[in-house]
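These notes concern the structure reproduced below.
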Number of protein chains: 2
Amino acid sequence: MLEDIDSKLSKIRKADETSGYLTSLHHLLMWDLWTCLPPEGIDYRERLAGFIAGEQYKNCCSKEIDEIVNSLEDVDVIDDIDKAIVRELKRNRELNVRVPYEKKMKLDEACTKAQVAWKEAYEKSDFEIFRPFLEQIVNLNKEVADYIGYEGSRLNALIYRLEPGLNVRMIEKLFTSLKVGISDLLDKIEKSQVCIDTTLIKKNYDKQHLYRLSKYIVEKVGYSIEAGGYGESLHPFTSFIGPRDVRFTINYNNFESSVFSALHEAGHAIYSQNCDDRLKYTGLWGGIMGFIHESQGRFFENILGRNKEFWLYFYPYVQKELEEFKSMEFDEFYKAINLVEPSFIRTDADELTYNIHAIIRFEIEKDLFDDKIKIDDLPEIWNTKYKEYLGIEPTSYREGILQDMHWAMGLFGYFQSYALGNIYGGQFFHRMKEDKPNILQYAQNGDFEILISWLTENIYKYSKIYTPSELIIKSTGEELTSKYLLEYFNQKYSEIYCF
Amino acid sequence: MLEDIDSKLSKIRKADETSGYLTSLHHLLMWDLWTCLPPEGIDYRERLAGFIAGEQYKNCCSKEIDEIVNSLEDVDVIDDIDKAIVRELKRNRELNVRVPYEKKMKLDEACTKAQVAWKEAYEKSDFEIFRPFLEQIVNLNKEVADYIGYEGSRLNALIYRLEPGLNVRMIEKLFTSLKVGISDLLDKIEKSQVCIDTTLIKKNYDKQHLYRLSKYIVEKVGYSIEAGGYGESLHPFTSFIGPRDVRFTINYNNFESSVFSALHEAGHAIYSQNCDDRLKYTGLWGGIMGFIHESQGRFFENILGRNKEFWLYFYPYVQKELEEFKSMEFDEFYKAINLVEPSFIRTDADELTYNIHAIIRFEIEKDLFDDKIKIDDLPEIWNTKYKEYLGIEPTSYREGILQDMHWAMGLFGYFQSYALGNIYGGQFFHRMKEDKPNILQYAQNGDFEILISWLTENIYKYSKIYTPSELIIKSTGEELTSKYLLEYFNQKYSEIYCF
């Protein structure tokens, strides 16, 4: 029996290792696509990407792997790494096999066309151009959801792709308290008399300065350039090419966008660079994609990256690198990077209202997949929710329902991750401060070692070994709650806005 | 029967397509390795490269593919593309299957160690450090050759890896006449009174200027940047990532090195960029590796790239980009880039003596694999040959036997390609001028379209459809001969050196 298990384990470990290599190749193709690929190379690149996807399918979905995975699922003698391999292979297979191949191809094709239509619709700010394509994608995604299967809301099937332990009801519970808390805070902030000037942080500066500054900050914080590298792209992203080869791109739109997007990507990268060495030739390195990764991006961008102690250390470097900041007092700068102001565009939103953008999309998706709203009604519902939650109403589709490309890409059941990432980040931060009360004082002195080692010991080293719901218990001792994120918001904004 | 053939063809076409994708991924990994990879990423990168190699092995060496390939080999009804697919799959399989896997692994390991030893030996200019490793690699390669099988010289087995239609006897015949011709020319050049000053072309200039100049020249000549890109590396190389994605690196050591290595790499790249569209999703695009590719690199670097008409067009751009050249007359420049002077280092050699460097290595390899010389005697034989053919004797191992890394990499049976490439280039050039007598006048006016279209119609479009020996007949109507290269040398150097 044990010998039998050993031989089975060696087979699934091999499949998992292969899965890791194929994922790395996928990331390398993407990195190269956005940083090097010549225009005429696109067509063949799509073939290469398709080839890798096909190999991944073959690798995870063979009958042999399926049988082994099923037979090992309830075996207790195997260790946590092997258990995670079984779990991941099983989910991969389920998602790939339950949905017929032709249906997936049809959805892919529909998405390719929808992205072209979305681009035109976005440019002309005309929802009508996008509407029929969106309708087709939503309908195909409903079919996909039905193939995957679900209990309760149909959106659960799509959420399952990201995290099996999560469902609409749990998310709604978390979001309900978060919405109330943010709404209270927004009321108080609106009444505040504090004046904040963001001119300097919204300005553009010479690329070389922004590059040097971003590089200095992220490497000081803990990003290892010996195991990484920088590229440039309009929409920054991180590429997980190897356990010691995690690169990201920076944009140079303006001070705030450069520095904070670099911090965000560095969060993803630092997470990946610090996985347990035992995972390096498995498919388990690189961290849990989706909201746990998002939690680290958002942690470095906001909770750490817009923190007072953090900038007490780094602001002198800003003033050294960028002449203009010499006339700006530290307090003014700190307030500028923490301005709260309801706005239309999710990606430009401040740390607080950002959550509302994610929640609105989640609520709309849920009702859409439960057949409670029609495509034609979407723009109106969008605007109503913005009015209700943020007190502002988009005057164009472009700053409303057309702003994000996710739906054109067929990405439903994802938007909640952005707010969930913040909730996770808040809870991690709370626990970190309980364990290491002086952690921010160290940061103020430019010492980030304790912080990185807390994150590594409690989150990073495990990578994909545990699911998000197991991980939160393991690292914080409690189930996920919005309470800590709200506490953090309250403390921070009451100080800045004096209430 | 025909239905049977169709089903077989569709299987081997699939295997060939997959082989093409895997080769592209290999090239992408290499490109990224030399242009982006962070230091700590090496270990995992080797795994990824090993994974691709393993997949390639599985793809080409399955029993099913083998049976199909054998059954199709003598079938006449299939077209030239399918015939080439059959031929390439068969050779791939032969080379992979005849040599036991363990032997290949052992050789790989020995090479890894030998490269480290070679580096140290090279730095200390001490052959003794490298000797035992070289001995092991030579012995392992002899075993590999015996597994592959051969008639006549044992080196034939290794040459077969590059080109099945070639053997030591044919090469010796070509080289014998080439040696005599070059030797005559060297005598005449030595007696010449012509003074040539290379100071300016050996000087280093600002990188931006060299980059702009190289870029301008190669793109004007025919390299499509829409289907390519530039990187930087000490040893320039071309990466064949996709049919419309062929990139190369430039070095910035000095004027001559930058510009001529860019032209060399552009030759490889232009060849690949102009393959027949029907080949783009096959493993047959990208041109014939080895000496046909080398012939195009050397053609653009030398035959075209050191040609008078070529520079009559481009020299004004050099003078515009680099102030220093304003004081250098065109004739002085033209002579400087065509100076002939026996020297020790192959990669720095002039167009004429370069061939002798390749021939010396080929002769030594032949005797080594025929057990006519011992490892211990190599340095002495090396020096004797340099004395005999070039009239100079290396005073250190570093400028002698240790200069190239090929042997440490296990690359035997390759060096002849560098001289064969020139011979092919000379013959192509001769035929091109017969077909299009005014081709150089067009070049002088900056019009390279006729040149590129001759190369495309007669060489490039076929890519790997024909073998080198079939191709030379198809494109020039004759078997390979050194005659045309020597005629070209005679005409060129008699004018420059006034004899």
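Order determines the names: the first chain of the structure tokens is A, the second B, and so forth; residues in each chain are numbered 1 upward, and ligands are numbered 1 upward as they are shown.
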B:Asp16: which residues within 12 Å, counting only C-alpha atoms, same-chain residues fewer than 4 positions away excluded, as a count of residues only? 32
Which residues come within 10 Å of A:Phe333, counting only C-alpha atoms, excluding same-chain residues fewer than 2 positions away, as a short mmCIF file (atom, residue, chain, number, x, y, z; two decimals) with all heavy atoms, in the first residue's frame?
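Final output, part.cif:
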```cif
data_model
loop_
_atom_site.label_atom_id
_atom_site.label_comp_id
_atom_site.auth_asym_id
_atom_site.auth_seq_id
_atom_site.Cartn_x
_atom_site.Cartn_y
_atom_site.Cartn_z
N ILE A 196 -6.05 69.64 1.21
CA ILE A 196 -4.95 68.80 0.71
C ILE A 196 -4.65 69.18 -0.73
O ILE A 196 -5.55 69.30 -1.56
CB ILE A 196 -5.34 67.30 0.80
CG1 ILE A 196 -5.53 66.91 2.29
CG2 ILE A 196 -4.28 66.42 0.14
CD1 ILE A 196 -5.92 65.47 2.51
N ASP A 197 -3.36 69.38 -1.00
CA ASP A 197 -2.94 69.78 -2.35
C ASP A 197 -2.13 68.64 -3.00
O ASP A 197 -1.06 68.28 -2.51
CB ASP A 197 -2.09 71.06 -2.26
CG ASP A 197 -1.65 71.53 -3.62
OD1 ASP A 197 -1.95 70.84 -4.63
OD2 ASP A 197 -1.00 72.59 -3.69
N THR A 198 -2.67 68.09 -4.09
CA THR A 198 -1.99 66.94 -4.71
C THR A 198 -1.21 67.33 -5.99
O THR A 198 -0.75 66.44 -6.72
CB THR A 198 -3.00 65.84 -5.08
OG1 THR A 198 -3.97 66.40 -5.97
CG2 THR A 198 -3.69 65.27 -3.85
N LEU A 200 1.78 68.36 -6.74
CA LEU A 200 3.12 67.82 -6.98
C LEU A 200 3.13 66.31 -7.20
O LEU A 200 3.90 65.82 -8.02
CB LEU A 200 4.06 68.17 -5.81
CG LEU A 200 4.63 69.59 -5.80
CD1 LEU A 200 5.67 69.74 -4.71
CD2 LEU A 200 5.24 69.97 -7.16
N ILE A 201 2.29 65.60 -6.47
CA ILE A 201 2.33 64.13 -6.64
C ILE A 201 1.62 63.68 -7.92
O ILE A 201 1.85 62.57 -8.39
CB ILE A 201 1.78 63.35 -5.42
CG1 ILE A 201 0.28 63.59 -5.25
CG2 ILE A 201 2.54 63.69 -4.15
CD1 ILE A 201 -0.36 62.52 -4.36
N LYS A 308 2.81 56.67 7.43
CA LYS A 308 3.60 57.83 7.84
C LYS A 308 5.05 57.46 8.12
O LYS A 308 5.98 58.10 7.63
CB LYS A 308 2.98 58.45 9.09
CG LYS A 308 3.54 59.82 9.41
CD LYS A 308 2.78 60.43 10.57
CE LYS A 308 2.43 61.87 10.27
NZ LYS A 308 1.46 62.42 11.20
N TRP A 311 7.21 56.87 5.05
CA TRP A 311 7.66 58.06 4.32
C TRP A 311 8.55 58.96 5.15
O TRP A 311 9.31 59.75 4.59
CB TRP A 311 6.46 58.81 3.73
CG TRP A 311 5.94 58.07 2.52
CD1 TRP A 311 4.81 57.33 2.43
CD2 TRP A 311 6.60 57.95 1.24
NE1 TRP A 311 4.70 56.76 1.19
CE2 TRP A 311 5.78 57.13 0.42
CE3 TRP A 311 7.79 58.45 0.70
CZ2 TRP A 311 6.11 56.79 -0.89
CZ3 TRP A 311 8.12 58.12 -0.61
CH2 TRP A 311 7.29 57.30 -1.39
N TYR A 315 10.97 60.08 2.52
CA TYR A 315 10.71 61.39 1.93
C TYR A 315 11.98 62.20 1.65
O TYR A 315 12.08 62.84 0.59
CB TYR A 315 9.72 62.20 2.79
CG TYR A 315 9.17 63.40 2.05
CD1 TYR A 315 8.56 63.24 0.80
CD2 TYR A 315 9.29 64.69 2.55
CE1 TYR A 315 8.08 64.34 0.10
CE2 TYR A 315 8.82 65.80 1.87
CZ TYR A 315 8.22 65.61 0.64
OH TYR A 315 7.74 66.70 -0.07
N PHE A 325 10.08 68.85 -4.76
CA PHE A 325 9.52 68.48 -3.47
C PHE A 325 10.19 69.19 -2.30
O PHE A 325 9.73 69.09 -1.17
CB PHE A 325 9.57 66.95 -3.29
CG PHE A 325 8.51 66.22 -4.04
CD1 PHE A 325 8.69 65.85 -5.37
CD2 PHE A 325 7.29 65.94 -3.45
CE1 PHE A 325 7.71 65.18 -6.08
CE2 PHE A 325 6.29 65.27 -4.15
CZ PHE A 325 6.50 64.90 -5.47
N MET A 328 7.88 71.28 -0.42
CA MET A 328 6.69 70.64 0.17
C MET A 328 7.07 70.02 1.52
O MET A 328 7.94 69.16 1.59
CB MET A 328 6.19 69.55 -0.79
CG MET A 328 4.81 69.00 -0.43
SD MET A 328 4.31 67.72 -1.65
CE MET A 328 2.53 67.71 -1.41
N GLU A 329 6.36 70.46 2.54
CA GLU A 329 6.60 69.91 3.89
C GLU A 329 6.19 68.44 3.93
O GLU A 329 5.27 68.03 3.20
CB GLU A 329 5.76 70.67 4.92
CG GLU A 329 6.14 72.12 5.10
CD GLU A 329 7.50 72.26 5.76
OE1 GLU A 329 7.85 71.42 6.64
OE2 GLU A 329 8.24 73.20 5.38
N PHE A 330 6.80 67.69 4.84
CA PHE A 330 6.46 66.27 4.95
C PHE A 330 4.96 66.05 5.19
O PHE A 330 4.33 65.20 4.55
CB PHE A 330 7.26 65.59 6.07
CG PHE A 330 6.82 64.18 6.28
CD1 PHE A 330 7.24 63.17 5.43
CD2 PHE A 330 5.94 63.83 7.31
CE1 PHE A 330 6.80 61.86 5.60
CE2 PHE A 330 5.50 62.52 7.49
CZ PHE A 330 5.94 61.54 6.63
N ASP A 331 4.37 66.83 6.10
CA ASP A 331 2.95 66.63 6.43
C ASP A 331 2.05 66.85 5.22
O ASP A 331 1.05 66.15 5.05
CB ASP A 331 2.54 67.59 7.55
CG ASP A 331 2.87 67.00 8.92
OD1 ASP A 331 3.23 65.79 8.95
OD2 ASP A 331 2.78 67.72 9.91
N LYS A 335 -0.28 63.91 3.56
CA LYS A 335 -1.72 64.09 3.34
C LYS A 335 -2.06 63.92 1.86
O LYS A 335 -3.09 63.34 1.50
CB LYS A 335 -2.16 65.48 3.81
CG LYS A 335 -2.40 65.54 5.32
CD LYS A 335 -3.07 66.85 5.68
CE LYS A 335 -2.26 67.59 6.73
NZ LYS A 335 -2.60 69.02 6.79
N ALA A 336 -1.16 64.45 1.01
CA ALA A 336 -1.44 64.37 -0.44
C ALA A 336 -1.57 62.92 -0.91
O ALA A 336 -2.46 62.59 -1.69
CB ALA A 336 -0.33 65.08 -1.22
N ILE A 337 -0.69 62.05 -0.40
CA ILE A 337 -0.76 60.65 -0.87
C ILE A 337 -1.90 59.89 -0.20
O ILE A 337 -2.16 58.74 -0.55
CB ILE A 337 0.58 59.88 -0.66
CG1 ILE A 337 0.95 59.83 0.82
CG2 ILE A 337 1.70 60.48 -1.49
CD1 ILE A 337 2.12 58.91 1.13
N ASN A 338 -2.59 60.55 0.74
CA ASN A 338 -3.71 59.89 1.41
C ASN A 338 -5.04 60.62 1.23
O ASN A 338 -5.99 60.37 1.98
CB ASN A 338 -3.39 59.71 2.89
CG ASN A 338 -2.42 58.55 3.10
OD1 ASN A 338 -2.74 57.41 2.81
ND2 ASN A 338 -1.21 58.86 3.58
#
```
Pick out the closest residue to A:Ala443 from this set: A:Asp32, A:Asp367, A:Glu323, A:Glu309. Count only C-alpha atoms.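 Selected residue with least distance to A:Ala443: A:Glu309.
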With 6 Å as the limit and counting only C-alpha atoms, what residues in chain A lie close to chain B? Please list them as a list in words. Pro38, Pro39, Glu40, Gly41, Glu226, Ala227, Gly228, Arg244 and Asp245 of chain A
For those residues, write C-alpha atoms to a file as a compact mmCIF listing (two decimals), in the first residue's frame.
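File part01.txt, as written:
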```
# COMPACT_ATOMS: atom_id res chain seq x y z
CA PRO A 38 7.92 43.19 -32.33
CA PRO A 39 4.51 44.08 -33.84
CA GLU A 40 4.59 41.38 -36.52
CA GLY A 41 5.47 38.73 -33.95
CA GLU A 226 19.46 39.64 -8.02
CA ALA A 227 16.31 37.61 -8.52
CA GLY A 228 14.33 40.09 -10.58
CA ARG A 244 14.39 33.53 -8.31
CA ASP A 245 13.32 35.38 -11.42
```
Spatial neighbours of stretch 204-210 of chain A, max dist 8 Å, only C-alpha atoms, sep filter under 4 positions, as a PyMOL selection string: chain A and resi 214+252-255+258-259+321-322
Going by DSSP on the backbone, which residues of stretch 15-171 of chain B come out as alpha helix (DSSP H)? List them as JSON, numbers by chain. {"B": [15, 16, 17, 18, 19, 20, 21, 22, 23, 24, 25, 26, 27, 28, 29, 30, 31, 32, 33, 34, 35, 42, 43, 44, 45, 46, 47, 48, 49, 50, 51, 52, 53, 54, 55, 56, 57, 58, 59, 60, 63, 64, 65, 66, 67, 68, 69, 70, 71, 72, 80, 81, 82, 83, 84, 85, 86, 87, 88, 89, 90, 91, 92, 93, 94, 95, 96, 97, 98, 101, 102, 103, 104, 105, 106, 107, 108, 109, 110, 111, 112, 113, 114, 115, 116, 117, 118, 119, 120, 121, 122, 123, 124, 127, 128, 129, 130, 131, 132, 133, 134, 135, 136, 137, 138, 139, 140, 141, 142, 143, 144, 145, 146, 147, 148, 155, 156, 157, 158, 159, 160, 161, 162, 168, 169, 170, 171]}
Computed interatomic separation between atom CA of A:Gly152 and atom CA of A:Ser295 (Å): 26.5 Å
Find the residues near B:Arg169: any atom within 12 Å, counting only C-alpha atoms, skip ones fewer than 6 places away on the same chain, and give them as a list of chain:residue names.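 Counting only the stated atoms, we get B:Glu151, B:Gly152, B:Ser153, B:Arg154, B:Leu155, B:Asn156, B:Ile159, B:Phe175, B:Thr176, B:Phe362, B:Glu363, B:Lys366.
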Taking only C-alpha atoms into account, which of A:Phe299, A:Tyr160, A:Tyr442, A:Trp407 comes nearest A:Thr112?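 When distances to A:Thr112 are compared using only C-alpha atoms, the smallest one comes from A:Trp407.
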I want to know what sits within 8 Å of A:Gly290, based on only C-alpha atoms, with residues of the same chain fewer than 5 positions away left out; could you give that as a list of chain:residue names? A:Leu162, A:Tyr414, A:Ser417
Could you save those same residues with N, CA, C and O atoms as an mmCIF file, in the first residue's frame?
```cif
data_model
loop_
_atom_site.group_PDB
_atom_site.id
_atom_site.type_symbol
_atom_site.label_atom_id
_atom_site.label_comp_id
_atom_site.auth_asym_id
_atom_site.auth_seq_id
_atom_site.Cartn_x
_atom_site.Cartn_y
_atom_site.Cartn_z
ATOM 1 N N LEU A 162 -11.184 30.701 -8.674
ATOM 2 C CA LEU A 162 -10.136 31.428 -7.961
ATOM 3 C C LEU A 162 -9.832 30.809 -6.612
ATOM 4 O O LEU A 162 -8.692 30.751 -6.175
ATOM 5 N N TYR A 414 -14.189 37.969 -10.575
ATOM 6 C CA TYR A 414 -12.839 38.338 -10.161
ATOM 7 C C TYR A 414 -12.785 39.636 -9.351
ATOM 8 O O TYR A 414 -11.976 39.772 -8.449
ATOM 9 N N SER A 417 -11.937 40.291 -5.701
ATOM 10 C CA SER A 417 -10.578 40.054 -5.205
ATOM 11 C C SER A 417 -9.889 41.342 -4.771
ATOM 12 O O SER A 417 -9.081 41.337 -3.847
#
```
Test item, strand (DSSP E or B) assignment across stretch 165-405 of chain A, answer as a PyMOL selection string: chain A and resi 228-232+238-242+245-250
With only C-alpha atoms as the counted atoms, please give the residues lying no more than 7 Å from A:Asn251, apart from itself and same-chain residues fewer than 2 positions off, as a VMD selection string. chain A and resid 232 to 236 249 253 258
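Counting only C-alpha atoms and comparing B:Leu178, B:Cys498, B:Leu471, B:Leu72, the residue that lies closest to B:Ile288 is B:Leu471.
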